[in-house]
>>> print(open('run32.csv').read())   # CSV, C-alpha atoms
chain,number,residue,atom,x,y,z
Y,1,MET,CA,60.3,22.5,9.2
Y,2,ALA,CA,60.1,19.4,11.5
Y,3,GLU,CA,59.5,20.0,15.2
Y,4,ARG,CA,62.6,19.8,17.4
Y,5,PRO,CA,62.7,16.2,18.7
Y,6,VAL,CA,63.0,14.9,22.2
Y,7,LEU,CA,66.0,12.5,22.5
Y,8,VAL,CA,64.8,9.6,24.8
Y,9,VAL,CA,67.7,7.3,25.9
Y,10,GLY,CA,66.6,3.8,26.9
Y,11,PHE,CA,63.4,1.9,26.0
Y,12,VAL,CA,60.7,1.5,28.7
Y,13,THR,CA,57.5,0.2,27.3
Y,14,PRO,CA,54.9,1.8,29.7
Y,15,VAL,CA,56.7,5.2,29.6
Y,16,LEU,CA,56.7,5.4,25.8
Y,17,ALA,CA,53.0,4.3,25.8
Y,18,ALA,CA,52.2,7.1,28.2
Y,19,LEU,CA,54.2,9.6,26.2
Y,20,GLY,CA,52.1,8.7,23.2
Y,21,GLU,CA,49.1,10.2,24.9
Y,22,THR,CA,50.8,13.6,25.6
Y,23,GLU,CA,53.6,14.1,23.1
Y,24,PRO,CA,53.0,14.9,19.4
Y,25,ASP,CA,53.4,12.2,16.7
Y,26,GLY,CA,57.0,11.9,15.4
Y,27,SER,CA,58.4,14.0,18.3
Y,28,VAL,CA,60.7,11.3,19.9
Y,29,ILE,CA,64.0,10.0,18.7
Y,30,LEU,CA,64.8,6.9,20.7
Y,31,VAL,CA,68.5,5.9,21.4
Y,32,GLU,CA,69.1,2.3,22.5
Y,33,GLU,CA,72.0,-0.1,22.7
Y,34,PRO,CA,72.3,-2.3,19.5
Y,35,ASP,CA,72.3,-5.5,21.6
Y,36,VAL,CA,69.1,-4.4,23.3
Y,37,ILE,CA,67.4,-3.5,20.1
Y,38,ARG,CA,68.2,-7.0,18.7
Y,39,LYS,CA,67.3,-8.9,21.8
Y,40,ARG,CA,64.0,-7.1,22.4
Y,41,SER,CA,63.1,-6.9,18.7
Y,42,LEU,CA,62.6,-3.2,19.0
Y,43,ARG,CA,62.6,-2.4,15.3
Y,44,GLY,CA,59.6,-4.6,14.8
Y,45,ARG,CA,57.9,-3.5,18.0
Y,46,LEU,CA,58.2,0.2,17.0
Y,47,ALA,CA,57.3,-0.2,13.3
Y,48,GLY,CA,54.4,2.0,12.6
Y,49,THR,CA,54.6,3.7,16.0
Y,50,ALA,CA,53.5,7.3,15.5
Y,51,LEU,CA,55.4,8.7,18.5
Y,52,VAL,CA,58.9,7.5,17.6
Y,53,ARG,CA,60.4,9.4,14.6
Y,54,GLU,CA,63.7,7.4,14.6
Y,55,LEU,CA,65.5,4.6,16.4
Y,56,ILE,CA,69.2,5.2,16.7
Y,57,GLU,CA,71.6,2.4,17.7
Y,58,TRP,CA,74.3,3.6,20.0
Y,59,GLU,CA,76.5,2.0,22.7
Y,60,TYR,CA,75.5,4.7,25.3
Y,61,ALA,CA,76.7,2.7,28.3
Y,62,ALA,CA,80.3,3.1,27.3
Y,63,GLN,CA,82.4,6.1,28.4
Y,64,GLY,CA,82.9,8.9,25.9
Y,65,THR,CA,80.0,7.9,23.7
Y,66,ALA,CA,78.0,11.0,24.3
Y,67,ASP,CA,80.6,13.2,22.9
Y,68,ALA,CA,81.0,10.9,19.9
Y,69,PHE,CA,77.2,10.9,19.4
Y,70,TYR,CA,77.2,14.7,19.5
Y,71,ALA,CA,79.9,15.0,16.9
Y,72,ILE,CA,78.0,12.8,14.5
Y,73,HIS,CA,74.4,14.1,15.3
Y,74,ARG,CA,75.1,17.7,16.1
Y,75,ASP,CA,72.3,18.8,13.7
Y,76,LEU,CA,69.5,16.9,15.5
Y,77,ASN,CA,68.9,20.1,17.5
Y,78,PRO,CA,66.8,18.3,20.2
Y,79,VAL,CA,64.6,20.3,22.6
Y,80,ALA,CA,65.4,17.8,25.4
Y,81,VAL,CA,67.5,14.8,26.3
Y,82,VAL,CA,65.7,12.4,28.7
Y,83,PRO,CA,67.1,9.2,30.2
Y,84,LEU,CA,64.6,6.5,31.1
Y,85,ILE,CA,66.9,3.8,32.5
Y,86,GLU,CA,69.7,3.7,35.0
Y,87,TYR,CA,72.6,2.9,32.6
Y,88,ALA,CA,71.6,5.8,30.3
Y,89,THR,CA,72.0,8.6,32.9
Y,90,PRO,CA,75.6,9.6,32.4
Y,91,PHE,CA,75.3,9.5,28.6
Y,92,ALA,CA,72.1,11.7,28.7
Y,93,ALA,CA,73.6,14.1,31.2
Y,94,ARG,CA,76.7,14.7,29.1
Y,95,LEU,CA,74.7,14.9,25.9
Y,96,ALA,CA,72.4,17.5,27.4
Y,97,GLU,CA,75.5,19.5,28.3
Y,98,ARG,CA,76.8,19.3,24.7
Y,99,TYR,CA,73.5,20.4,23.3
Y,100,GLY,CA,73.2,23.2,25.9
Y,101,LEU,CA,70.0,21.7,27.4
Y,102,PRO,CA,68.8,21.0,31.0
Y,103,GLY,CA,70.1,17.8,32.6
Y,104,ALA,CA,71.4,16.3,35.8
Y,105,SER,CA,75.0,17.4,35.0
Y,106,LEU,CA,77.6,14.7,34.1
Y,107,GLY,CA,79.2,15.0,37.6
Y,108,ALA,CA,76.0,14.3,39.4
Y,109,ALA,CA,75.0,11.4,37.1
Y,110,GLN,CA,78.4,9.7,37.6
Y,111,ILE,CA,78.2,10.0,41.3
Y,112,LEU,CA,74.7,8.6,41.4
Y,113,ARG,CA,75.7,5.7,39.1
Y,114,ASP,CA,78.5,4.7,41.6
Y,115,LYS,CA,77.0,3.6,44.9
Y,116,ALA,CA,80.4,3.6,46.7
Y,117,LEU,CA,81.1,7.2,45.5
Y,118,LEU,CA,77.6,8.3,46.5
Y,119,ARG,CA,78.2,7.0,50.0
Y,120,LYS,CA,81.3,9.2,50.3
Y,121,VAL,CA,79.8,12.3,48.9
Y,122,SER,CA,76.5,12.2,50.7
Y,123,ALA,CA,78.2,11.3,54.0
Y,124,ALA,CA,80.4,14.3,53.6
Y,125,ALA,CA,77.3,16.4,53.3
Y,126,GLY,CA,75.9,15.0,56.6
Y,127,VAL,CA,73.5,12.3,55.2
Y,128,ARG,CA,73.4,9.2,57.3
Y,129,ASN,CA,74.9,6.2,55.6
Y,130,PRO,CA,75.6,2.6,56.8
Y,131,GLU,CA,79.3,1.7,57.3
Y,132,SER,CA,80.5,0.2,54.0
Y,133,ALA,CA,83.6,-0.9,52.0
Y,134,GLU,CA,84.4,-1.9,48.5
Y,135,VAL,CA,85.4,-5.6,48.4
Y,136,SER,CA,87.0,-7.8,45.7
Y,137,CYS,CA,86.5,-11.3,47.1
Y,138,ALA,CA,84.6,-13.3,49.8
Y,139,GLU,CA,87.6,-13.0,52.2
Y,140,ASP,CA,87.1,-9.2,52.1
Y,141,VAL,CA,83.5,-9.7,53.0
Y,142,LEU,CA,84.5,-11.8,56.0
Y,143,THR,CA,87.0,-9.2,57.1
Y,144,PHE,CA,84.2,-6.6,57.1
Y,145,MET,CA,81.8,-8.9,59.0
Y,146,ARG,CA,84.4,-9.5,61.7
Y,147,ALA,CA,84.9,-5.7,62.1
Y,148,HIS,CA,81.1,-5.0,62.0
Y,149,PRO,CA,79.2,-7.8,63.8
Y,150,GLY,CA,75.7,-8.5,62.6
Y,151,PRO,CA,74.1,-8.9,59.1
Y,152,VAL,CA,75.5,-7.2,56.1
Y,153,VAL,CA,74.4,-6.4,52.5
Y,154,LEU,CA,76.5,-7.4,49.6
Y,155,LYS,CA,75.7,-5.6,46.3
Y,156,PRO,CA,77.2,-4.3,43.1
Y,157,VAL,CA,78.4,-0.7,43.0
Y,158,ASN,CA,77.1,-0.2,39.5
Y,159,ARG,CA,74.0,-2.3,38.8
Y,160,GLN,CA,70.2,-1.9,39.0
Y,161,ALA,CA,67.0,-3.8,39.9
Y,162,SER,CA,68.6,-5.4,43.0
Y,163,VAL,CA,70.8,-7.5,40.7
Y,164,GLY,CA,73.6,-9.2,42.6
Y,165,THR,CA,72.3,-8.1,46.0
Y,166,GLN,CA,72.0,-10.3,49.1
Y,167,ILE,CA,71.6,-10.0,52.8
Y,168,ILE,CA,74.2,-12.1,54.7
Y,169,HIS,CA,73.4,-13.0,58.3
Y,170,ASP,CA,76.2,-15.6,59.0
Y,171,PRO,CA,79.9,-15.3,58.0
Y,172,ALA,CA,79.7,-18.9,56.9
Y,173,GLU,CA,77.4,-17.8,54.1
Y,174,ALA,CA,79.9,-15.3,52.7
Y,175,GLY,CA,81.5,-17.6,50.1
Y,176,ARG,CA,78.3,-18.9,48.7
Y,177,ALA,CA,76.8,-15.4,48.7
Y,178,TRP,CA,79.8,-14.0,46.9
Y,179,ALA,CA,79.5,-16.6,44.2
Y,180,GLY,CA,75.8,-15.9,43.7
Y,181,CYS,CA,76.1,-12.2,43.7
Y,182,VAL,CA,78.9,-11.9,41.1
Y,183,GLU,CA,76.5,-13.6,38.6
Y,184,GLN,CA,74.8,-10.5,37.3
Y,185,ASP,CA,73.0,-11.5,34.1
Y,186,GLU,CA,70.3,-9.0,33.1
Y,187,GLY,CA,69.3,-10.9,30.0
Y,188,ILE,CA,67.5,-8.9,27.3
Y,189,PHE,CA,67.6,-5.6,29.2
Y,190,VAL,CA,71.3,-4.8,28.8
Y,191,HIS,CA,74.0,-5.0,26.2
Y,192,ASP,CA,76.2,-8.1,25.9
Y,193,ARG,CA,79.5,-6.3,26.5
Y,194,PRO,CA,81.2,-7.2,29.8
Y,195,MET,CA,80.5,-4.8,32.7
Y,196,GLU,CA,83.1,-3.9,35.3
Y,197,LEU,CA,82.6,-6.0,38.4
Y,198,ARG,CA,82.7,-3.8,41.6
Y,199,MET,CA,81.2,-4.9,44.8
Y,200,LEU,CA,80.2,-3.2,48.0
Y,201,VAL,CA,79.6,-4.6,51.5
Y,202,GLU,CA,77.8,-2.6,54.1
Y,203,ARG,CA,76.1,-3.0,57.5
Y,204,TYR,CA,72.5,-4.1,57.2
Y,205,VAL,CA,70.1,-1.5,58.5
Y,206,SER,CA,66.8,-2.8,59.7
Y,207,GLY,CA,63.7,-0.7,59.5
Y,208,PRO,CA,60.8,0.3,57.3
Y,209,GLU,CA,61.8,1.3,53.7
Y,210,TYR,CA,60.7,4.2,51.6
Y,211,SER,CA,61.6,6.0,48.4
Y,212,VAL,CA,61.4,9.7,47.6
Y,213,GLU,CA,60.6,10.9,44.1
Y,214,MET,CA,61.7,14.5,43.7
Y,215,LEU,CA,61.2,16.6,40.6
Y,216,VAL,CA,64.1,19.1,40.4
Y,217,ARG,CA,64.7,22.2,38.3
Y,218,GLY,CA,67.9,24.2,38.7
Y,219,GLY,CA,68.8,22.2,41.8
Y,220,ARG,CA,65.5,23.2,43.5
Y,221,PRO,CA,62.8,20.7,44.4
Y,222,LEU,CA,59.5,21.3,42.7
Y,223,PHE,CA,57.6,18.2,43.7
Y,224,VAL,CA,58.2,15.6,46.4
Y,225,ASN,CA,56.5,12.3,47.0
Y,226,VAL,CA,57.3,9.6,49.6
Y,227,THR,CA,56.5,6.0,48.6
Y,228,GLY,CA,56.2,3.2,51.1
Y,229,LYS,CA,57.6,-0.2,50.1
Y,230,GLN,CA,57.5,-3.8,51.1
Y,231,LEU,CA,60.1,-6.5,50.3
Y,232,TYR,CA,59.8,-10.2,49.5
Y,233,PRO,CA,60.8,-12.2,52.5
Y,234,GLY,CA,64.3,-13.8,52.3
Y,235,PRO,CA,67.9,-12.8,51.6
Y,236,ARG,CA,67.2,-11.0,48.3
Y,237,PRO,CA,65.9,-7.5,48.9
Y,238,VAL,CA,63.5,-7.3,46.0
Y,239,GLU,CA,60.4,-5.1,46.2
Y,240,LEU,CA,57.0,-6.8,46.7
Y,241,ALA,CA,54.8,-3.7,46.9
Y,242,HIS,CA,54.8,0.1,46.7
Y,243,VAL,CA,52.1,2.4,48.1
Y,244,VAL,CA,51.7,6.2,47.4
Y,245,PRO,CA,51.8,8.3,49.4
Y,246,ALA,CA,53.5,6.4,52.2
Y,247,ASP,CA,51.1,6.2,55.2
Y,248,ILE,CA,53.5,8.0,57.7
Y,249,PRO,CA,53.4,11.1,59.9
Y,250,ASP,CA,54.0,14.4,58.2
Y,251,ASP,CA,57.2,15.0,60.1
Y,252,LEU,CA,58.8,11.8,58.9
Y,253,ALA,CA,57.7,12.5,55.3
Y,254,GLY,CA,59.2,16.0,55.6
Y,255,GLU,CA,62.5,14.6,57.0
Y,256,LEU,CA,62.8,12.1,54.1
Y,257,GLY,CA,62.2,14.9,51.6
Y,258,GLU,CA,64.8,17.1,53.3
Y,259,GLN,CA,67.4,14.3,53.3
Y,260,THR,CA,66.7,13.7,49.6
Y,261,ARG,CA,67.2,17.4,49.0
Y,262,ARG,CA,70.6,17.2,50.8
Y,263,VAL,CA,71.6,14.3,48.5
Y,264,VAL,CA,70.5,16.3,45.4
Y,265,GLU,CA,72.5,19.3,46.6
Y,266,ALA,CA,75.6,17.2,47.6
Y,267,VAL,CA,76.0,15.6,44.2
Y,268,GLY,CA,75.1,18.8,42.2
Y,269,PHE,CA,72.0,17.4,40.6
Y,270,ALA,CA,70.5,20.1,38.4
Y,271,ASP,CA,67.4,19.1,36.4
Y,272,GLY,CA,65.3,15.9,36.3
Y,273,ILE,CA,63.9,13.4,38.7
Y,274,ALA,CA,65.8,11.9,41.7
Y,275,HIS,CA,64.6,8.6,43.0
Y,276,CYS,CA,66.2,8.1,46.5
Y,277,GLU,CA,65.7,5.0,48.6
Y,278,TRP,CA,65.8,5.1,52.4
Y,279,ILE,CA,65.6,2.8,55.5
Y,280,VAL,CA,64.4,4.5,58.7
Y,281,ALA,CA,66.1,3.0,61.8
Y,282,ASP,CA,65.3,4.5,65.2
Y,283,GLY,CA,63.6,7.4,63.5
Y,284,VAL,CA,66.7,8.3,61.4
Y,285,PRO,CA,66.7,7.9,57.6
Y,286,HIS,CA,69.7,6.0,56.3
Y,287,LEU,CA,70.5,6.3,52.6
Y,288,VAL,CA,70.2,3.1,50.6
Y,289,GLU,CA,70.9,4.5,47.1
Y,290,CYS,CA,69.8,7.2,44.8
Y,291,ALA,CA,69.1,7.3,41.0
Y,292,GLY,CA,68.9,10.3,38.7
Y,293,ARG,CA,66.0,9.0,36.6
Y,294,ILE,CA,62.3,8.1,36.8
Y,295,PRO,CA,61.4,5.4,39.3
Y,296,GLY,CA,60.6,1.9,38.0
Y,297,ASP,CA,58.2,-0.8,39.4
Y,298,GLY,CA,55.1,1.2,38.4
Y,299,ILE,CA,55.8,4.0,40.9
Y,300,LEU,CA,55.5,6.7,38.2
Y,301,GLU,CA,52.0,5.3,37.3
Y,302,ILE,CA,50.7,5.2,40.9
Y,303,ILE,CA,52.0,8.7,41.6
Y,304,HIS,CA,50.0,9.8,38.5
Y,305,ARG,CA,46.9,8.0,39.9
Y,306,ALA,CA,47.3,9.4,43.5
Y,307,TYR,CA,48.1,13.1,42.7
Y,308,PRO,CA,46.2,15.6,40.6
Y,309,MET,CA,49.2,15.9,38.2
Y,310,ASP,CA,51.0,14.1,35.5
Y,311,LEU,CA,54.6,13.7,36.8
Y,312,LEU,CA,55.9,12.3,33.5
Y,313,ARG,CA,54.6,15.4,31.6
Y,314,ALA,CA,56.0,17.7,34.3
Y,315,TYR,CA,59.4,15.9,34.0
Y,316,PHE,CA,59.5,16.4,30.2
Y,317,THR,CA,58.5,20.0,30.7
Y,318,VAL,CA,61.5,20.6,33.0
Y,319,MET,CA,63.9,18.8,30.7
Y,320,ARG,CA,62.8,21.3,27.9
Y,321,GLY,CA,63.8,24.1,30.2
Y,322,GLU,CA,60.2,25.2,30.9
Y,323,SER,CA,58.3,25.6,34.1
Y,324,PRO,CA,55.6,23.1,34.7
Y,325,PRO,CA,52.3,24.0,36.4
Y,326,GLU,CA,52.5,24.4,40.2
Y,327,PRO,CA,52.6,20.8,41.5
Y,328,PRO,CA,50.4,19.7,44.4
Y,329,ARG,CA,51.8,19.3,47.8
Y,330,ARG,CA,49.5,16.4,48.8
Y,331,ALA,CA,48.0,13.4,47.2
Y,332,ALA,CA,44.3,13.4,46.5
Y,333,ARG,CA,44.0,9.6,47.1
Y,334,GLY,CA,46.0,6.4,47.5
Y,335,ALA,CA,47.5,4.1,44.9
Y,336,ALA,CA,49.5,0.9,45.2
Y,337,VAL,CA,51.3,-1.7,43.1
Y,338,ARG,CA,51.7,-5.3,44.3
Y,339,PHE,CA,53.8,-7.9,42.6
Y,340,VAL,CA,52.5,-11.5,42.2
Y,341,PRO,CA,54.6,-14.2,43.9
Y,342,MET,CA,55.3,-17.6,42.4
Y,343,GLU,CA,57.1,-20.7,43.4
Y,344,PRO,CA,60.1,-22.1,41.5
Y,345,GLY,CA,59.3,-24.6,38.8
Y,346,VAL,CA,57.8,-24.7,35.3
Y,347,ILE,CA,54.4,-23.0,34.9
Y,348,ASP,CA,51.5,-25.2,33.9
Y,349,ALA,CA,48.8,-22.5,34.0
Y,350,VAL,CA,48.1,-18.9,35.2
Y,351,LEU,CA,44.6,-18.6,36.6
Y,352,GLY,CA,42.4,-16.0,38.2
Y,353,VAL,CA,43.5,-13.0,36.1
Y,354,GLU,CA,40.0,-12.0,35.2
Y,355,GLU,CA,38.8,-12.3,38.8
Y,356,ALA,CA,41.7,-10.0,39.9
Y,357,ARG,CA,40.6,-7.4,37.3
Y,358,GLN,CA,37.2,-7.3,38.9
Y,359,VAL,CA,38.4,-6.2,42.3
Y,360,GLU,CA,37.2,-2.7,43.2
Y,361,GLY,CA,39.8,-0.1,42.4
Y,362,VAL,CA,42.0,-2.3,40.3
Y,363,PHE,CA,43.1,-0.7,37.1
Y,364,LEU,CA,45.9,-2.9,35.9
Y,365,VAL,CA,46.7,-6.6,36.1
Y,366,ASP,CA,49.8,-7.4,34.1
Y,367,ILE,CA,51.1,-11.0,34.2
Y,368,GLN,CA,54.3,-11.4,32.2
Y,369,VAL,CA,54.7,-15.2,32.4
Y,370,GLY,CA,52.7,-18.1,30.9
Y,371,ALA,CA,52.6,-21.9,30.5
Y,372,GLY,CA,56.1,-23.3,29.9
Y,373,HIS,CA,58.0,-20.5,31.7
Y,374,ARG,CA,60.8,-21.7,33.9
Y,375,PHE,CA,61.3,-19.9,37.2
Y,376,THR,CA,64.4,-20.9,39.2
Y,377,GLY,CA,63.9,-18.5,42.1
Y,378,LEU,CA,63.8,-14.8,43.0
Y,379,ARG,CA,67.2,-13.2,42.5
Y,380,SER,CA,66.4,-9.7,41.2
Y,381,SER,CA,63.5,-7.5,40.2
Y,382,TRP,CA,63.7,-8.9,36.7
Y,383,ASP,CA,62.5,-12.3,38.0
Y,384,ARG,CA,59.1,-11.1,39.1
Y,385,SER,CA,56.1,-12.7,37.4
Y,386,GLY,CA,53.7,-9.7,37.1
Y,387,LEU,CA,51.9,-7.0,39.1
Y,388,VAL,CA,48.6,-5.5,40.1
Y,389,MET,CA,47.8,-1.8,40.5
Y,390,ALA,CA,44.9,-0.3,42.4
Y,391,THR,CA,43.5,3.0,43.8
Y,392,ALA,CA,41.4,3.9,46.7
Y,393,ASP,CA,40.5,6.9,49.0
Y,394,SER,CA,43.5,6.0,51.2
Y,395,PRO,CA,46.9,4.4,50.7
Y,396,THR,CA,46.1,1.6,53.2
Y,397,GLU,CA,42.9,0.7,51.3
Y,398,ALA,CA,44.7,0.9,47.9
Y,399,LEU,CA,47.3,-1.6,49.1
Y,400,ARG,CA,44.6,-3.9,50.5
Y,401,ARG,CA,42.8,-3.9,47.2
Y,402,ALA,CA,46.0,-4.6,45.3
Y,403,GLU,CA,46.9,-7.4,47.7
Y,404,LYS,CA,43.4,-8.9,47.3
Y,405,ALA,CA,43.7,-8.9,43.6
Y,406,ALA,CA,47.2,-10.4,43.6
Y,407,ASP,CA,46.1,-13.2,45.8
Y,408,LEU,CA,43.4,-14.1,43.3
Y,409,VAL,CA,46.1,-14.8,40.6
Y,410,ARG,CA,47.2,-18.4,40.9
Y,411,ILE,CA,50.4,-19.4,39.1
Y,412,GLU,CA,50.4,-23.2,39.0
Y,413,VAL,CA,53.9,-24.8,38.7
Y,414,ARG,CA,55.3,-28.3,38.5
Y,415,PRO,CA,58.8,-29.2,39.6
Y,416,ASP,CA,61.6,-28.5,37.1
Y,417,GLN,CA,63.2,-31.8,36.2
>>> encode(input="run32.csv", output="structure tokens")
Amino acid sequence: MAERPVLVVGFVTPVLAALGETEPDGSVILVEEPDVIRKRSLRGRLAGTALVRELIEWEYAAQGTADAFYAIHRDLNPVAVVPLIEYATPFAARLAERYGLPGASLGAAQILRDKALLRKVSAAAGVRNPESAEVSCAEDVLTFMRAHPGPVVLKPVNRQASVGTQIIHDPAEAGRAWAGCVEQDEGIFVHDRPMELRMLVERYVSGPEYSVEMLVRGGRPLFVNVTGKQLYPGPRPVELAHVVPADIPDDLAGELGEQTRRVVEAVGFADGIAHCEWIVADGVPHLVECAGRIPGDGILEIIHRAYPMDLLRAYFTVMRGESPPEPPRRAARGAAVRFVPMEPGVIDAVLGVEEARQVEGVFLVDIQVGAGHRFTGLRSSWDRSGLVMATADSPTEALRRAEKAADLVRIEVRPDQ
């Protein structure tokens, strides 16, 4: 009799590669949107892969599709249902409920997928949120800016990867910002069906930014990490670097963990990983947003390098309904990821990659662009050219090494004519 499979919803290359080192061959059934399978050539990429038993095409980002999936695939008898990407979380939560397995809970997943709703629910639980309002046009943004003087952030209610997000400093910028932000093309990473356009404007909070990664079982935190982050300069709040653990006082780290626990409790999140983003202003954490899934941007990998534990394996253990080993309370070392900037234009050459790999502590240099690639400017996380990861005895030194290596990579461009 075949081993009960793990249903993984959403394709993430490094995560599946990592799972291949810990999960048995043939133990994963991957569920992905038909458009994404086609655009990313997943059938060819997965051909001969020992880990993935089956690839099922399913429009999981549409409402009601989890129940339809269950009706057709009731006999799959999975041991766990695990979402890997943002748009898969409600589907996976509902499917886990239908199979009687651990999961976030559909209610929690739906709140976390809706940034406007998350603001209301978390604020009711006493979590500090910036003033915000849903808006449907540039004039609505102007109305909000008149009532709340100072810079604001315009962003979608229901997107990921900083898509359609911009900081607006001057009311005169509102019209142009609106036009730019409602263009939300995510290319090969999402299905081709239209997605509902809902926008949120909120007061811009200035201060250092962090994320909290929390492993939760039965609504109780098992593991908490605080990640420090840096952003690219400019109006698009896209992450430039992450460092684990954040080099901050214990009391601030504890407060960020406590506030994340309050968010988890407020939305009724049961089992899985919560990835909450915060800005600390005047010593007070303000909620940016929270996702009920594993973090992106290489954060999972640098947590694995910094702590004496495998967070991905612990996550899958929780989703099976089992107890992972007692997780560590502190990191053993520092780890960092730094993205490699580039200027707009057409790439002529990418140089210095091998030199970057020789920097002490660097364990990954991954450049995802090459000659002929056209770059029109940084609009979201999907536009970044590549990254460097490094470890060291301290977070500060890990970030320094990653920055040094990233600086050695030279992406030469010519003007796009």
>>> residues_around(input="run32.csv", residues="stretch 398-402 of chain Y", least_positions_apart="3", cutoff="9 Å", atoms="all atoms listed in the file", output="number ranges by chain")
Y: 241-244, 333-339, 356, 359-362, 387-395, 405-407
>>> write_last_selection(input="run32.csv", atoms="C-alpha atoms", output="PDB file, keeping the file's coordinate frame")
ATOM      1  CA  ALA Y 241      54.800  -3.700  46.900  1.00  0.00           C
ATOM      2  CA  HIS Y 242      54.800   0.100  46.700  1.00  0.00           C
ATOM      3  CA  VAL Y 243      52.100   2.400  48.100  1.00  0.00           C
ATOM      4  CA  VAL Y 244      51.700   6.200  47.400  1.00  0.00           C
ATOM      5  CA  ARG Y 333      44.000   9.600  47.100  1.00  0.00           C
ATOM      6  CA  GLY Y 334      46.000   6.400  47.500  1.00  0.00           C
ATOM      7  CA  ALA Y 335      47.500   4.100  44.900  1.00  0.00           C
ATOM      8  CA  ALA Y 336      49.500   0.900  45.200  1.00  0.00           C
ATOM      9  CA  VAL Y 337      51.300  -1.700  43.100  1.00  0.00           C
ATOM     10  CA  ARG Y 338      51.700  -5.300  44.300  1.00  0.00           C
ATOM     11  CA  PHE Y 339      53.800  -7.900  42.600  1.00  0.00           C
ATOM     12  CA  ALA Y 356      41.700 -10.000  39.900  1.00  0.00           C
ATOM     13  CA  VAL Y 359      38.400  -6.200  42.300  1.00  0.00           C
ATOM     14  CA  GLU Y 360      37.200  -2.700  43.200  1.00  0.00           C
ATOM     15  CA  GLY Y 361      39.800  -0.100  42.400  1.00  0.00           C
ATOM     16  CA  VAL Y 362      42.000  -2.300  40.300  1.00  0.00           C
ATOM     17  CA  LEU Y 387      51.900  -7.000  39.100  1.00  0.00           C
ATOM     18  CA  VAL Y 388      48.600  -5.500  40.100  1.00  0.00           C
ATOM     19  CA  MET Y 389      47.800  -1.800  40.500  1.00  0.00           C
ATOM     20  CA  ALA Y 390      44.900  -0.300  42.400  1.00  0.00           C
ATOM     21  CA  THR Y 391      43.500   3.000  43.800  1.00  0.00           C
ATOM     22  CA  ALA Y 392      41.400   3.900  46.700  1.00  0.00           C
ATOM     23  CA  ASP Y 393      40.500   6.900  49.000  1.00  0.00           C
ATOM     24  CA  SER Y 394      43.500   6.000  51.200  1.00  0.00           C
ATOM     25  CA  PRO Y 395      46.900   4.400  50.700  1.00  0.00           C
ATOM     26  CA  ALA Y 405      43.700  -8.900  43.600  1.00  0.00           C
ATOM     27  CA  ALA Y 406      47.200 -10.400  43.600  1.00  0.00           C
ATOM     28  CA  ASP Y 407      46.100 -13.200  45.800  1.00  0.00           C
TER      29      ASP Y 407
END
>>> residues_around(input="run32.csv", residues="Y:Gly44", least_positions_apart="6", cutoff="12 Å", atoms="all atoms listed in the file", output="list in words")
Ile37, Arg38 and Leu55 of chain Y
>>> atom_distance(input="run32.csv", atom1="atom CA of Y:Glu322", atom2="atom CA of Y:Trp58")
28.0 Å
>>> residues_around(input="run32.csv", residues="Y:Phe375", least_positions_apart="6", cutoff="10 Å", atoms="all atoms listed in the file", output="list in words")
Met342, Glu343, Pro344, Gly345, Val346, Ile347, Val369, Asp383, Arg384, Ser385, Val413, Pro415 and Asp416 of chain Y
>>> closest_residue(input="run32.csv", among="Y:Ala108, Y:Ile56, Y:Pro325, Y:Leu19", to="Y:Pro308", atoms="only C-alpha atoms")
Y:Pro325
>>> closest_residue(input="run32.csv", among="Y:Val267, Y:Leu7, Y:Leu215, Y:Ile273", to="Y:Glu54", atoms="all atoms listed in the file")
Y:Leu7
>>> closest_residue(input="run32.csv", among="Y:Asn158, Y:Ser381, Y:Ser105, Y:Gln184", to="Y:Phe269", atoms="all atoms listed in the file")
Y:Ser105
>>> atom_distance(input="run32.csv", atom1="atom CA of Y:Asp75", atom2="atom CA of Y:Gly48")
24.6 Å
>>> residues_around(input="run32.csv", residues="Y:Val15", least_positions_apart="3", cutoff="12 Å", atoms="only C-alpha atoms", output="PyMOL selection string")
chain Y and resi 8-12+18-23+51+82-85+294-301+311-313+315-316
>>> residues_around(input="run32.csv", residues="Y:Val205", least_positions_apart="6", cutoff="10 Å", atoms="only C-alpha atoms", output="PyMOL selection string")
chain Y and resi 129-131+150-153+278-281+286-288
>>> closest_residue(input="run32.csv", among="Y:Arg176, Y:Arg193, Y:Arg320, Y:Lys229", to="Y:Glu59", atoms="all atoms listed in the file")
Y:Arg193
>>> closest_residue(input="run32.csv", among="Y:Glu139, Y:Asp251, Y:Asp114, Y:Glu239", to="Y:Tyr210", atoms="all atoms listed in the file")
Y:Glu239
>>> atom_distance(input="run32.csv", atom1="atom CA of Y:Ala161", atom2="atom CA of Y:Val238")
7.9 Å
>>> closest_atom_pairs(input="run32.csv", of="stretch 214-254 of chain Y", to="stretch 169-175 of chain Y", cutoff="12 Å", atoms="only C-alpha atoms", output="CSV")
residue,atom,partner,partner_atom,distance
Y:Gly234,CA,Y:His169,CA,10.9
Y:Pro235,CA,Y:His169,CA,8.7
Y:Arg236,CA,Y:His169,CA,11.9
>>> closest_residue(input="run32.csv", among="Y:Val201, Y:Ala96, Y:Ala179, Y:Val263", to="Y:Gly126", atoms="all atoms listed in the file")
Y:Val263
>>> closest_atom_pairs(input="run32.csv", of="stretch 276-362 of chain Y", to="stretch 86-92 of chain Y", cutoff="8 Å", atoms="all atoms listed in the file", output="Markdown table")
| residue | atom | partner | partner_atom | distance |
| --- | --- | --- | --- | --- |
| Y:Ala291 | CA | Y:Glu86 | CA | 7.0 |
| Y:Gly292 | CA | Y:Thr89 | CA | 6.8 |
| Y:Arg293 | CA | Y:Glu86 | CA | 6.7 |
